[in-house]
file protein39.cif (mmCIF, C-alpha atoms (C1' of nucleotides))
data_work
#
loop_
_atom_site.label_atom_id
_atom_site.label_comp_id
_atom_site.auth_asym_id
_atom_site.auth_seq_id
_atom_site.Cartn_x
_atom_site.Cartn_y
_atom_site.Cartn_z
CA MET Y 26 -30.63 -17.43 -21.12
CA ASN Y 27 -33.90 -18.62 -19.53
CA LEU Y 28 -32.95 -21.68 -17.58
CA ALA Y 29 -34.87 -21.13 -14.40
CA ARG Y 30 -35.88 -24.71 -13.60
CA SER Y 31 -33.61 -27.75 -13.11
CA GLU Y 32 -30.46 -25.61 -12.88
CA SER Y 33 -27.54 -25.05 -10.53
CA PRO Y 34 -28.77 -24.72 -6.95
CA GLY Y 35 -26.21 -22.00 -6.38
CA ALA Y 36 -28.65 -19.46 -7.77
CA GLY Y 37 -31.82 -20.15 -5.82
CA ALA Y 38 -32.42 -21.80 -2.49
CA PRO Y 39 -31.87 -25.55 -2.33
CA ARG Y 40 -34.97 -27.69 -2.28
CA ARG Y 41 -34.07 -30.29 0.32
CA SER Y 42 -33.73 -29.50 3.98
CA ASP Y 43 -30.30 -31.09 4.37
CA ALA Y 44 -29.06 -29.11 1.40
CA LEU Y 45 -30.39 -25.90 2.88
CA ARG Y 46 -28.76 -26.69 6.21
CA ASN Y 47 -25.44 -27.39 4.54
CA ARG Y 48 -25.63 -24.18 2.57
CA GLU Y 49 -26.22 -22.17 5.70
CA ARG Y 50 -23.48 -23.95 7.60
CA ILE Y 51 -21.04 -23.19 4.80
CA LEU Y 52 -21.98 -19.52 4.68
CA SER Y 53 -21.74 -19.28 8.44
CA VAL Y 54 -18.25 -20.76 8.80
CA ALA Y 55 -17.01 -19.09 5.62
CA TYR Y 56 -17.68 -15.69 7.06
CA GLY Y 57 -15.39 -16.29 10.00
CA ALA Y 58 -12.83 -18.17 7.96
CA PHE Y 59 -12.44 -15.36 5.45
CA THR Y 60 -12.19 -12.85 8.24
CA ASP Y 61 -9.31 -14.81 9.75
CA ASP Y 62 -7.56 -15.41 6.45
CA PRO Y 63 -8.78 -14.14 3.08
CA ASP Y 64 -6.75 -16.84 1.35
CA VAL Y 65 -8.27 -19.74 3.25
CA SER Y 66 -8.76 -22.76 1.00
CA LEU Y 67 -12.16 -24.02 -0.02
CA ASN Y 68 -11.28 -27.48 1.24
CA THR Y 69 -10.60 -26.01 4.64
CA ILE Y 70 -13.95 -24.27 4.66
CA ALA Y 71 -15.64 -27.51 3.69
CA LYS Y 72 -13.90 -29.28 6.57
CA LEU Y 73 -14.88 -26.53 9.02
CA ALA Y 74 -18.46 -26.77 7.84
CA GLY Y 75 -18.38 -30.54 8.22
CA VAL Y 76 -19.24 -31.26 4.60
CA GLY Y 77 -17.38 -32.94 1.79
CA PRO Y 78 -15.56 -30.75 -0.70
CA GLY Y 79 -17.99 -31.87 -3.36
CA THR Y 80 -20.88 -30.43 -1.37
CA LEU Y 81 -19.22 -27.05 -1.08
CA TYR Y 82 -18.54 -27.16 -4.77
CA ARG Y 83 -22.14 -28.01 -5.53
CA HIS Y 84 -23.45 -24.97 -3.69
CA PHE Y 85 -20.74 -22.56 -4.79
CA PRO Y 86 -19.07 -23.59 -8.04
CA THR Y 87 -16.29 -21.02 -7.69
CA ARG Y 88 -14.56 -19.21 -4.91
CA GLU Y 89 -16.07 -15.97 -6.10
CA ASP Y 90 -19.59 -17.37 -5.97
CA LEU Y 91 -19.10 -18.04 -2.27
CA ILE Y 92 -17.57 -14.65 -1.55
CA LEU Y 93 -20.26 -12.83 -3.47
CA ALA Y 94 -22.97 -14.64 -1.53
CA LEU Y 95 -21.42 -13.45 1.74
CA TYR Y 96 -20.94 -9.99 0.36
CA GLN Y 97 -24.49 -9.58 -0.85
CA HIS Y 98 -25.83 -10.53 2.54
CA GLU Y 99 -23.78 -7.80 4.20
CA VAL Y 100 -24.34 -5.10 1.64
CA GLN Y 101 -28.08 -5.59 1.65
CA ALA Y 102 -28.23 -3.87 5.03
CA VAL Y 103 -26.56 -0.78 3.60
CA VAL Y 104 -28.84 -0.80 0.61
CA ASP Y 105 -31.86 -0.96 2.90
CA SER Y 106 -30.64 2.06 4.83
CA VAL Y 107 -31.23 4.48 1.95
CA PRO Y 108 -34.69 5.74 2.99
CA GLU Y 109 -33.54 6.26 6.54
CA VAL Y 110 -30.50 8.29 5.49
CA LEU Y 111 -32.62 10.35 3.12
CA ALA Y 112 -35.06 11.12 5.92
CA GLU Y 113 -32.35 12.41 8.21
CA ARG Y 114 -30.25 14.57 5.88
CA GLU Y 115 -30.51 16.71 2.83
CA PRO Y 116 -29.99 14.68 -0.32
CA LEU Y 117 -26.40 15.55 -1.19
CA ASP Y 118 -25.21 14.92 2.32
CA ALA Y 119 -27.16 11.67 2.36
CA LEU Y 120 -25.37 10.59 -0.80
CA ARG Y 121 -22.06 11.38 0.79
CA VAL Y 122 -22.73 9.62 4.08
CA TRP Y 123 -24.27 6.61 2.41
CA PHE Y 124 -21.24 6.01 0.23
CA LEU Y 125 -18.91 6.31 3.20
CA ARG Y 126 -21.02 3.72 4.98
CA LEU Y 127 -20.97 1.41 1.98
CA ALA Y 128 -17.20 1.74 1.77
CA GLU Y 129 -16.89 0.93 5.44
CA TYR Y 130 -18.80 -2.31 4.96
CA VAL Y 131 -16.90 -3.27 1.87
CA ARG Y 132 -13.51 -2.49 3.42
CA LEU Y 133 -13.51 -3.21 7.09
CA LYS Y 134 -16.43 -5.28 8.25
CA HIS Y 135 -14.95 -8.48 6.99
CA GLY Y 136 -11.65 -9.50 5.52
CA LEU Y 137 -13.23 -10.50 2.25
CA GLY Y 138 -11.53 -7.45 0.90
CA GLU Y 139 -8.68 -8.78 -1.13
CA ALA Y 140 -10.67 -11.34 -3.04
CA LEU Y 141 -13.45 -8.88 -3.67
CA HIS Y 142 -11.53 -6.24 -5.46
CA SER Y 143 -10.68 -8.14 -8.57
CA VAL Y 144 -12.08 -6.79 -11.79
CA ALA Y 145 -14.34 -9.80 -12.05
CA ALA Y 146 -15.82 -9.13 -8.63
CA GLN Y 147 -16.26 -5.46 -9.41
CA ASN Y 148 -18.09 -6.38 -12.57
CA MET Y 149 -20.28 -8.80 -10.67
CA ILE Y 150 -21.19 -6.05 -8.25
CA ASN Y 151 -21.86 -3.56 -11.00
CA ASP Y 152 -23.61 -5.83 -13.42
CA THR Y 153 -25.40 -8.51 -11.44
CA TYR Y 154 -26.07 -6.85 -8.12
CA ALA Y 155 -28.71 -4.43 -9.25
CA PRO Y 156 -29.90 -3.38 -5.77
CA VAL Y 157 -26.76 -1.33 -5.20
CA THR Y 158 -27.13 0.49 -8.47
CA ALA Y 159 -30.80 1.04 -7.67
CA ALA Y 160 -29.88 2.54 -4.30
CA VAL Y 161 -27.44 4.91 -5.97
CA GLY Y 162 -30.14 5.87 -8.43
CA HIS Y 163 -32.52 6.63 -5.61
CA LEU Y 164 -30.00 8.92 -3.90
CA LEU Y 165 -29.15 10.67 -7.15
CA ASN Y 166 -32.82 11.30 -7.90
CA SER Y 167 -33.34 13.01 -4.57
CA ALA Y 168 -30.28 15.18 -5.00
CA GLU Y 169 -31.30 16.04 -8.54
CA GLN Y 170 -34.82 17.05 -7.52
CA SER Y 171 -33.48 19.43 -4.93
CA GLY Y 172 -31.10 20.83 -7.52
CA GLN Y 173 -27.96 19.69 -5.76
CA VAL Y 174 -26.55 17.64 -8.60
CA ARG Y 175 -27.00 18.04 -12.30
CA SER Y 176 -29.50 15.90 -14.16
CA GLY Y 177 -28.84 12.94 -16.38
CA LEU Y 178 -26.27 11.22 -14.20
CA ASP Y 179 -25.96 7.48 -14.67
CA PRO Y 180 -25.99 5.57 -11.34
CA ALA Y 181 -23.62 2.96 -12.77
CA ASP Y 182 -21.15 5.71 -13.71
CA VAL Y 183 -21.28 7.15 -10.22
CA LEU Y 184 -20.89 3.77 -8.55
CA LEU Y 185 -17.86 3.00 -10.69
CA LEU Y 186 -16.35 6.39 -9.94
CA MET Y 187 -16.88 5.90 -6.22
CA GLY Y 188 -14.87 2.67 -6.41
CA PHE Y 189 -11.83 4.55 -5.15
CA LEU Y 190 -13.47 4.40 -1.73
CA TRP Y 191 -12.65 0.75 -1.22
CA ARG Y 192 -9.08 1.20 -2.34
CA VAL Y 193 -8.27 3.85 0.25
CA GLY Y 194 -6.77 2.78 3.51
CA PRO Y 195 -9.01 3.92 6.39
CA GLY Y 196 -6.54 5.87 8.51
CA LYS Y 197 -3.83 6.91 6.10
CA PRO Y 198 -1.52 9.86 6.76
CA GLY Y 199 -2.20 13.28 5.29
CA GLY Y 200 -5.65 13.96 6.68
CA ASP Y 201 -8.53 11.86 5.42
CA GLN Y 202 -7.85 11.02 1.81
CA ALA Y 203 -11.25 9.43 1.31
CA GLU Y 204 -13.11 12.57 2.39
CA ARG Y 205 -10.86 14.77 0.30
CA ILE Y 206 -11.43 12.78 -2.88
CA LEU Y 207 -15.11 12.41 -2.13
CA ASP Y 208 -15.37 16.20 -2.11
CA MET Y 209 -13.79 16.36 -5.54
CA VAL Y 210 -16.21 13.78 -6.88
CA ILE Y 211 -19.22 15.58 -5.49
CA GLN Y 212 -18.11 18.80 -7.09
CA GLY Y 213 -17.91 16.89 -10.35
CA LEU Y 214 -21.53 15.80 -9.83
CA GLN Y 215 -22.64 19.37 -9.21
CA ALA Y 216 -21.03 21.10 -12.18
CA GLU Y 217 -23.33 21.81 -15.09
CA THR Y 218 -22.14 20.75 -18.52
CA MET M 1 14.46 0.90 5.74
CA ASN M 2 17.93 1.47 4.28
CA LEU M 3 19.06 -1.93 3.12
CA ALA M 4 20.62 -1.11 -0.19
CA ARG M 5 23.59 -3.47 -0.17
CA SER M 6 23.68 -7.27 0.30
CA GLU M 7 19.91 -7.56 -0.17
CA SER M 8 17.44 -9.50 -2.30
CA PRO M 9 18.49 -9.33 -5.97
CA GLY M 10 14.87 -8.80 -6.96
CA ALA M 11 15.29 -5.10 -6.30
CA GLY M 12 18.42 -4.25 -8.24
CA ALA M 13 20.10 -5.94 -11.16
CA PRO M 14 21.83 -9.26 -10.45
CA ARG M 15 25.59 -9.21 -10.26
CA ARG M 16 26.54 -12.30 -12.19
CA SER M 17 26.05 -12.62 -15.91
CA ASP M 18 24.19 -15.94 -15.75
CA ALA M 19 21.85 -14.45 -13.15
CA LEU M 20 21.19 -11.47 -15.35
CA ARG M 21 20.54 -13.69 -18.34
CA ASN M 22 18.11 -15.80 -16.32
CA ARG M 23 16.30 -12.75 -15.05
CA GLU M 24 15.82 -11.45 -18.55
CA ARG M 25 14.72 -14.83 -19.88
CA ILE M 26 12.13 -15.05 -17.13
CA LEU M 27 10.77 -11.57 -17.82
CA SER M 28 10.69 -12.27 -21.52
CA VAL M 29 8.72 -15.51 -21.35
CA ALA M 30 6.55 -14.25 -18.49
CA TYR M 31 5.24 -11.45 -20.64
CA GLY M 32 3.90 -13.85 -23.24
CA ALA M 33 2.75 -16.39 -20.70
CA PHE M 34 0.66 -13.89 -18.77
CA THR M 35 -0.82 -12.59 -21.99
CA ASP M 36 -1.95 -16.10 -22.88
CA ASP M 37 -3.25 -16.90 -19.41
CA PRO M 38 -3.18 -14.52 -16.46
CA ASP M 39 -3.42 -17.49 -14.09
CA VAL M 40 -0.39 -19.31 -15.47
CA SER M 41 1.62 -20.98 -12.71
CA LEU M 42 5.04 -19.81 -11.67
CA ASN M 43 6.40 -23.32 -12.16
CA THR M 44 5.19 -23.23 -15.73
CA ILE M 45 6.94 -19.93 -16.32
CA ALA M 46 10.13 -21.34 -14.84
CA LYS M 47 9.88 -24.31 -17.17
CA LEU M 48 9.27 -22.06 -20.17
CA ALA M 49 12.27 -19.96 -19.21
CA GLY M 50 14.39 -23.09 -18.82
CA VAL M 51 15.27 -22.44 -15.20
CA GLY M 52 14.52 -24.28 -11.98
CA PRO M 53 11.64 -23.08 -9.87
CA GLY M 54 14.11 -22.02 -7.21
CA THR M 55 15.74 -19.63 -9.63
CA LEU M 56 12.49 -17.96 -10.49
CA TYR M 57 11.76 -17.69 -6.81
CA ARG M 58 15.14 -16.15 -6.13
CA HIS M 59 14.58 -13.37 -8.62
CA PHE M 60 10.91 -12.78 -7.87
CA PRO M 61 9.93 -13.88 -4.38
CA THR M 62 6.21 -13.51 -5.05
CA ARG M 63 3.94 -13.63 -8.02
CA GLU M 64 3.24 -9.96 -7.62
CA ASP M 65 6.92 -9.07 -7.70
CA LEU M 66 7.13 -10.63 -11.14
CA ILE M 67 3.99 -8.97 -12.42
CA LEU M 68 5.04 -5.60 -11.09
CA ALA M 69 8.41 -5.87 -12.81
CA LEU M 70 6.66 -6.47 -16.14
CA TYR M 71 4.19 -3.73 -15.46
CA GLN M 72 6.78 -1.11 -14.59
CA HIS M 73 8.63 -1.78 -17.80
CA GLU M 74 5.50 -1.11 -19.82
CA VAL M 75 4.25 1.87 -17.88
CA GLN M 76 7.60 3.62 -18.04
CA ALA M 77 6.93 4.40 -21.68
CA VAL M 78 3.73 6.19 -20.78
CA VAL M 79 5.44 8.07 -17.98
CA ASP M 80 8.13 9.21 -20.38
CA SER M 81 5.52 10.54 -22.80
CA VAL M 82 4.45 13.37 -20.49
CA PRO M 83 6.63 16.13 -21.96
CA GLU M 84 5.61 15.21 -25.47
CA VAL M 85 1.91 15.30 -24.64
CA LEU M 86 2.31 18.61 -22.84
CA ALA M 87 4.06 20.08 -25.89
CA GLU M 88 1.24 19.11 -28.21
CA ARG M 89 -1.84 20.10 -26.23
CA GLU M 90 -3.02 22.55 -23.68
CA PRO M 91 -2.49 21.25 -20.15
CA LEU M 92 -5.98 20.08 -19.24
CA ASP M 93 -6.39 18.23 -22.50
CA ALA M 94 -2.94 16.73 -22.01
CA LEU M 95 -3.99 15.43 -18.61
CA ARG M 96 -7.05 13.90 -20.12
CA VAL M 97 -5.30 12.24 -23.02
CA TRP M 98 -2.43 11.02 -20.91
CA PHE M 99 -4.71 9.23 -18.46
CA LEU M 100 -6.60 7.58 -21.28
CA ARG M 101 -3.30 6.38 -22.67
CA LEU M 102 -2.20 5.07 -19.27
CA ALA M 103 -5.49 3.25 -18.90
CA GLU M 104 -5.06 1.70 -22.31
CA TYR M 105 -1.68 0.29 -21.31
CA VAL M 106 -2.89 -0.95 -17.98
CA ARG M 107 -5.98 -2.55 -19.44
CA LEU M 108 -5.37 -3.87 -22.89
CA LYS M 109 -1.73 -4.05 -23.85
CA HIS M 110 -1.17 -7.20 -21.88
CA GLY M 111 -3.33 -9.64 -20.02
CA LEU M 112 -1.72 -8.88 -16.71
CA GLY M 113 -4.96 -7.17 -15.93
CA GLU M 114 -6.66 -9.46 -13.48
CA ALA M 115 -3.67 -9.95 -11.25
CA LEU M 116 -2.86 -6.26 -11.30
CA HIS M 117 -6.10 -4.95 -9.96
CA SER M 118 -5.87 -6.35 -6.47
CA VAL M 119 -5.70 -3.87 -3.64
CA ALA M 120 -2.13 -4.90 -2.98
CA ALA M 121 -1.13 -4.16 -6.55
CA GLN M 122 -2.88 -0.84 -6.48
CA ASN M 123 -1.03 0.07 -3.32
CA MET M 124 2.26 -0.97 -4.87
CA ILE M 125 1.57 1.26 -7.82
CA ASN M 126 0.56 4.17 -5.62
CA ASP M 127 3.17 3.80 -2.91
CA THR M 128 6.25 2.30 -4.46
CA TYR M 129 6.08 3.35 -8.06
CA ALA M 130 6.79 7.02 -7.60
CA PRO M 131 7.39 7.85 -11.30
CA VAL M 132 3.68 7.57 -12.08
CA THR M 133 2.74 9.88 -9.24
CA ALA M 134 5.48 12.25 -10.35
CA ALA M 135 4.09 12.26 -13.89
CA VAL M 136 0.63 13.09 -12.58
CA GLY M 137 2.15 15.88 -10.50
CA HIS M 138 3.83 17.29 -13.58
CA LEU M 139 0.58 17.35 -15.52
CA LEU M 140 -1.31 18.89 -12.63
CA ASN M 141 1.28 21.62 -12.23
CA SER M 142 0.96 22.64 -15.86
CA ALA M 143 -2.81 22.73 -15.67
CA GLU M 144 -2.69 24.68 -12.45
CA GLN M 145 -0.32 27.30 -13.83
CA SER M 146 -2.60 27.95 -16.75
CA GLY M 147 -5.51 28.20 -14.36
CA GLN M 148 -7.33 25.15 -15.68
CA VAL M 149 -7.50 23.28 -12.39
CA ARG M 150 -7.58 24.56 -8.85
CA SER M 151 -4.42 24.62 -6.79
CA GLY M 152 -3.40 22.31 -4.00
CA LEU M 153 -4.41 19.04 -5.65
CA ASP M 154 -2.57 15.96 -4.44
CA PRO M 155 -1.26 13.81 -7.33
CA ALA M 156 -1.80 10.65 -5.29
CA ASP M 157 -5.45 11.62 -4.75
CA VAL M 158 -5.95 12.19 -8.44
CA LEU M 159 -4.25 8.94 -9.41
CA LEU M 160 -6.43 7.01 -6.98
CA LEU M 161 -9.55 8.72 -8.28
CA MET M 162 -8.61 7.91 -11.86
CA GLY M 163 -8.42 4.23 -10.91
CA PHE M 164 -11.91 3.76 -12.33
CA LEU M 165 -10.28 3.90 -15.74
CA TRP M 166 -8.86 0.42 -15.49
CA ARG M 167 -12.11 -1.01 -14.25
CA VAL M 168 -14.12 0.12 -17.25
CA GLY M 169 -14.55 -2.24 -20.14
CA PRO M 170 -13.17 -0.64 -23.31
CA GLY M 171 -16.13 -0.95 -25.64
CA LYS M 172 -19.12 -1.14 -23.32
CA PRO M 173 -22.66 -0.22 -24.37
CA GLY M 174 -24.14 3.20 -23.64
CA GLY M 175 -21.59 5.41 -25.37
CA ASP M 176 -18.12 5.64 -23.91
CA GLN M 177 -18.43 5.31 -20.17
CA ALA M 178 -14.77 6.09 -19.56
CA GLU M 179 -14.97 9.45 -21.35
CA ARG M 180 -18.19 10.32 -19.59
CA ILE M 181 -16.78 9.67 -16.12
CA LEU M 182 -13.50 11.33 -17.02
CA ASP M 183 -15.44 14.49 -17.78
CA MET M 184 -17.04 14.38 -14.36
CA VAL M 185 -13.68 13.96 -12.70
CA ILE M 186 -12.14 16.85 -14.60
CA GLN M 187 -15.00 19.10 -13.57
CA GLY M 188 -14.26 18.11 -10.00
CA LEU M 189 -10.65 19.18 -10.51
CA GLN M 190 -11.72 22.54 -11.88
CA ALA M 191 -14.19 23.59 -9.20
CA GLU M 192 -12.87 26.03 -6.64
CA THR M 193 -13.40 25.13 -3.02
"C1'" DA C 30 -31.86 -34.99 -5.00
"C1'" DC C 31 -28.13 -34.48 -2.48
"C1'" DC C 32 -23.91 -35.90 0.12
"C1'" DT C 33 -19.44 -38.31 0.89
"C1'" DG C 34 -14.65 -38.67 0.57
"C1'" DA C 35 -10.94 -40.88 -2.02
"C1'" DA C 36 -8.40 -39.63 -5.89
"C1'" DC C 37 -6.03 -36.77 -9.64
"C1'" DA C 38 -3.12 -33.48 -11.48
"C1'" DC C 39 -1.01 -29.62 -10.10
"C1'" DC C 40 0.27 -25.72 -7.13
"C1'" DG C 41 3.79 -22.61 -4.39
"C1'" DT C 42 7.74 -23.10 -1.81
"C1'" DT C 43 11.97 -25.08 0.20
"C1'" DC C 44 16.54 -26.67 0.42
"C1'" DA C 45 20.50 -29.92 -0.01
"C1'" DA C 46 23.64 -30.54 -3.51
"C1'" DG C 47 26.11 -28.81 -7.09
"C1'" DT C 48 29.25 -25.32 -10.03
"C1'" DA E 28 27.09 -16.19 -5.87
"C1'" DC E 29 23.94 -18.45 -8.17
"C1'" DC E 30 21.48 -22.54 -10.15
"C1'" DT E 31 19.23 -27.18 -10.11
"C1'" DG E 32 15.53 -30.14 -9.40
"C1'" DA E 33 13.59 -33.50 -6.17
"C1'" DA E 34 10.54 -33.19 -2.47
"C1'" DC E 35 6.73 -31.51 0.75
"C1'" DA E 36 2.36 -30.19 2.06
"C1'" DC E 37 -1.47 -28.60 0.06
"C1'" DC E 38 -4.58 -26.85 -3.56
"C1'" DG E 39 -9.07 -26.96 -6.62
"C1'" DT E 40 -11.83 -30.15 -8.78
"C1'" DT E 41 -14.02 -34.57 -10.08
"C1'" DC E 42 -16.83 -38.49 -9.69
"C1'" DA E 43 -18.20 -43.25 -8.35
"C1'" DA E 44 -20.69 -44.83 -4.62
"C1'" DG E 45 -23.92 -44.19 -1.32
"C1'" DT E 46 -28.69 -42.64 1.01
#
call {"tool": "encode", "arguments": {"input": "protein39.cif", "output": "structure tokens"}}
result
Amino acid sequence: MNLARSESPGAGAPRRSDALRNRERILSVAYGAFTDDPDVSLNTIAKLAGVGPGTLYRHFPTREDLILALYQHEVQAVVDSVPEVLAEREPLDALRVWFLRLAEYVRLKHGLGEALHSVAAQNMINDTYAPVTAAVGHLLNSAEQSGQVRSGLDPADVLLLMGFLWRVGPGKPGGDQAERILDMVIQGLQAET
Amino acid sequence: MNLARSESPGAGAPRRSDALRNRERILSVAYGAFTDDPDVSLNTIAKLAGVGPGTLYRHFPTREDLILALYQHEVQAVVDSVPEVLAEREPLDALRVWFLRLAEYVRLKHGLGEALHSVAAQNMINDTYAPVTAAVGHLLNSAEQSGQVRSGLDPADVLLLMGFLWRVGPGKPGGDQAERILDMVIQGLQAET
DNA sequence: ACCTGAACACCGTTCAAGT
DNA sequence: ACCTGAACACCGTTCAAGT
């Protein structure tokens, strides 16, 4: 499992300047292309980026690799907002607002949606994108220290449970379903065992 | 929205015996084919069923239509098990066990998994497959009448919240994550507002 | 070390022709 | 009323040839 050197450039940054430029061009056009049509073909993206299909494939071996790269870039901003949200609100409210913000990014900001919600993608987010889990852990710690949630909660559990947020339509009928369910979840976090 | 007659045969049963036979042959081979490989092509399924691609397309206009037809057939058994579960256990425990059973069917029983977890599929399950929501409503009513959950819960909310169940791996490390999260959810259902 | 782009096998979908 | 199967445009992926 320790193949850090001479391996697929998809993981780290490319070493040559033309490769780096191509990578950035691909990411840049892919963002817009996915927003227009989540089912856009990889060949089309390659054409839009002005590279051969082989080049796209070299940087992003699978469709999901490409989508996850875009996704991580966007979500990082939400992850970075944790300290700010914690400074402005009491911990439990911060948790609540932060998750709503995360859901907003995941759902609306770009049309990556469909492709992102597969089980595989969810597992990638949960397993390989540690910063999100770390952010959840941070929020839970604050709420726990102020006695607003019970202790011993697993951030990964909470993140998985919150997954309903990106399956709710934003403006559905019957009041705001997302807020309603979020309340139920938070009460589950508060109850002592 | 009221086009019951002269419409696509995908909805109701076909009228001619050869059409019915074809439909059943398709469903029968599709089950096994999806179990072997969730990404199997529709043309391959048509070939396996011994029908032309056009015939498959006539019965199931999209890939999801076919998958949903298989899925509904399987899930119906779980839906029908509600009275039995309620007879054997007290309501809250019945709710718990029933959802675990539903998750087992959705996750393991067949390899339809991947294709089923898209947002579109989830919406189809929530919006168009009323029997599942009705079953949840039944279980909630029982638990409410015995005072084990608070009143006014929306079955659709609860079903959406329980969606984490089919995103959990069955035998993951760290104890049983599904049971742990399920406990949190149930505590959220109990808390009074 | 990285890119190009032709090429391969296959995909979903359509539709004229049959019965 | 329903089925067949050839056909179309396109897909993801590969890989020899370049620089």
call {"tool": "interface_residues", "arguments": {"input": "protein39.cif", "of": "chain Y", "to": "chain E", "cutoff": "9 Å", "atoms": "only C-alpha atoms (C1' of nucleotides)", "output": "list in words"}}
result
Ser66, Leu67, Asn68, Pro78, Gly79 and Tyr82 of chain Y
call {"tool": "resolve_selection", "arguments": {"input": "protein39.cif", "expression": "the PyMOL selection byres ((chain M and resi 21-30) around 9)", "output": "PyMOL selection string"}}
result
chain M and resi 13-14+16-20+31-35+42+45-46+48-51+55-56+59-60+66-67+69-70
call {"tool": "resolve_selection", "arguments": {"input": "protein39.cif", "expression": "the PyMOL selection byres ((chain Y and resi 101) around 12)", "output": "tab-separated table (two decimals) with C-alpha atoms, in the frame of the given file"}}
result
chain	number	residue	atom	x	y	z
Y	93	LEU	CA	-20.26	-12.83	-3.47
Y	94	ALA	CA	-22.97	-14.64	-1.53
Y	95	LEU	CA	-21.42	-13.45	1.74
Y	96	TYR	CA	-20.94	-9.99	0.36
Y	97	GLN	CA	-24.49	-9.58	-0.85
Y	98	HIS	CA	-25.83	-10.53	2.54
Y	99	GLU	CA	-23.78	-7.80	4.20
Y	100	VAL	CA	-24.34	-5.10	1.64
Y	102	ALA	CA	-28.23	-3.87	5.03
Y	103	VAL	CA	-26.56	-0.78	3.60
Y	104	VAL	CA	-28.84	-0.80	0.61
Y	105	ASP	CA	-31.86	-0.96	2.90
Y	106	SER	CA	-30.64	2.06	4.83
Y	107	VAL	CA	-31.23	4.48	1.95
Y	127	LEU	CA	-20.97	1.41	1.98
Y	130	TYR	CA	-18.80	-2.31	4.96
Y	131	VAL	CA	-16.90	-3.27	1.87
Y	154	TYR	CA	-26.07	-6.85	-8.12
Y	155	ALA	CA	-28.71	-4.43	-9.25
Y	156	PRO	CA	-29.90	-3.38	-5.77
Y	157	VAL	CA	-26.76	-1.33	-5.20
Y	158	THR	CA	-27.13	0.49	-8.47
Y	159	ALA	CA	-30.80	1.04	-7.67
Y	160	ALA	CA	-29.88	2.54	-4.30
call {"tool": "atom_distance", "arguments": {"input": "protein39.cif", "atom1": "CA of Glu169 in chain Y", "atom2": "CA of Leu95 in chain M"}}
result
29.1 Å
call {"tool": "atom_distance", "arguments": {"input": "protein39.cif", "atom1": "CA of Val168 in chain M", "atom2": "CA of Leu185 in chain Y"}}
result
8.1 Å
call {"tool": "resolve_selection", "arguments": {"input": "protein39.cif", "expression": "the PyMOL selection byres ((chain M and resi 137) around 10)", "output": "ChimeraX atom specification"}}
result
/M:131-136,138-143,153-156,158-159
call {"tool": "atom_distance", "arguments": {"input": "protein39.cif", "atom1": "CA of Glu104 in chain M", "atom2": "CA of Glu217 in chain Y"}}
result
28.1 Å
call {"tool": "axis_aligned_box", "arguments": {"input": "protein39.cif", "around": "range 28-44 of chain E", "padding_each_side": "8 Å", "output": "AutoDock Vina command-line options"}}
result
--center_x 3.2 --center_y -30.5 --center_z -4.0 --size_x 63.8 --size_y 44.6 --size_z 28.2
call {"tool": "residues_around", "arguments": {"input": "protein39.cif", "residues": "Gly188 in chain Y", "least_positions_apart": "4", "cutoff": "9 Å", "atoms": "all atoms listed in the file", "output": "ChimeraX atom specification"}}
result
/Y:128,147,183-184,192 /M:161,163-164
call {"tool": "closest_residue", "arguments": {"input": "protein39.cif", "among": "M:Gly188, M:Pro38, M:Pro61, M:Gly175", "to": "chain Y", "atoms": "only C-alpha atoms"}}
result
M:Gly188
call {"tool": "residues_around", "arguments": {"input": "protein39.cif", "residues": "Leu207 in chain Y", "least_positions_apart": "6", "cutoff": "9 Å", "atoms": "all atoms listed in the file", "output": "ChimeraX atom specification"}}
result
/Y:121,125,187,190
call {"tool": "write_last_selection", "arguments": {"input": "protein39.cif", "atoms": "C-alpha atoms", "output": "tab-separated table (two decimals), keeping the file's coordinate frame"}}
result
chain	number	residue	atom	x	y	z
Y	121	ARG	CA	-22.06	11.38	0.79
Y	125	LEU	CA	-18.91	6.31	3.20
Y	187	MET	CA	-16.88	5.90	-6.22
Y	190	LEU	CA	-13.47	4.40	-1.73
call {"tool": "closest_residue", "arguments": {"input": "protein39.cif", "among": "M:Gln190, M:Arg89, M:Met184, M:Ser151", "to": "chain Y", "atoms": "all atoms listed in the file"}}
result
M:Met184
call {"tool": "closest_residue", "arguments": {"input": "protein39.cif", "among": "Y:Gly177, Y:Pro108, Y:Gly77, Y:Gly172", "to": "chain M", "atoms": "only C-alpha atoms"}}
result
Y:Gly177
call {"tool": "decode", "arguments": {"input": "protein39.cif", "residues": "range 30-45 of chain E", "atoms": "C-alpha atoms (C1' of nucleotides)", "output": "compact mmCIF listing (two decimals), in the first residue's frame"}}
result
# COMPACT_ATOMS: atom_id res chain seq x y z
C1' DC E 30 -41.89 -8.27 -32.23
C1' DT E 31 -37.54 -8.31 -34.99
C1' DG E 32 -33.04 -6.94 -35.92
C1' DA E 33 -30.25 -3.90 -38.83
C1' DA E 34 -28.64 0.59 -38.36
C1' DC E 35 -27.05 5.15 -36.25
C1' DA E 36 -24.44 8.07 -33.56
C1' DC E 37 -21.80 7.79 -29.80
C1' DC E 38 -19.52 5.81 -25.71
C1' DG E 39 -15.21 4.46 -22.69
C1' DT E 40 -10.80 2.82 -23.30
C1' DT E 41 -6.36 1.56 -25.48
C1' DC E 42 -2.00 2.16 -27.49
C1' DA E 43 1.45 3.02 -31.19
C1' DA E 44 3.63 7.01 -32.55
C1' DG E 45 5.28 11.27 -31.60
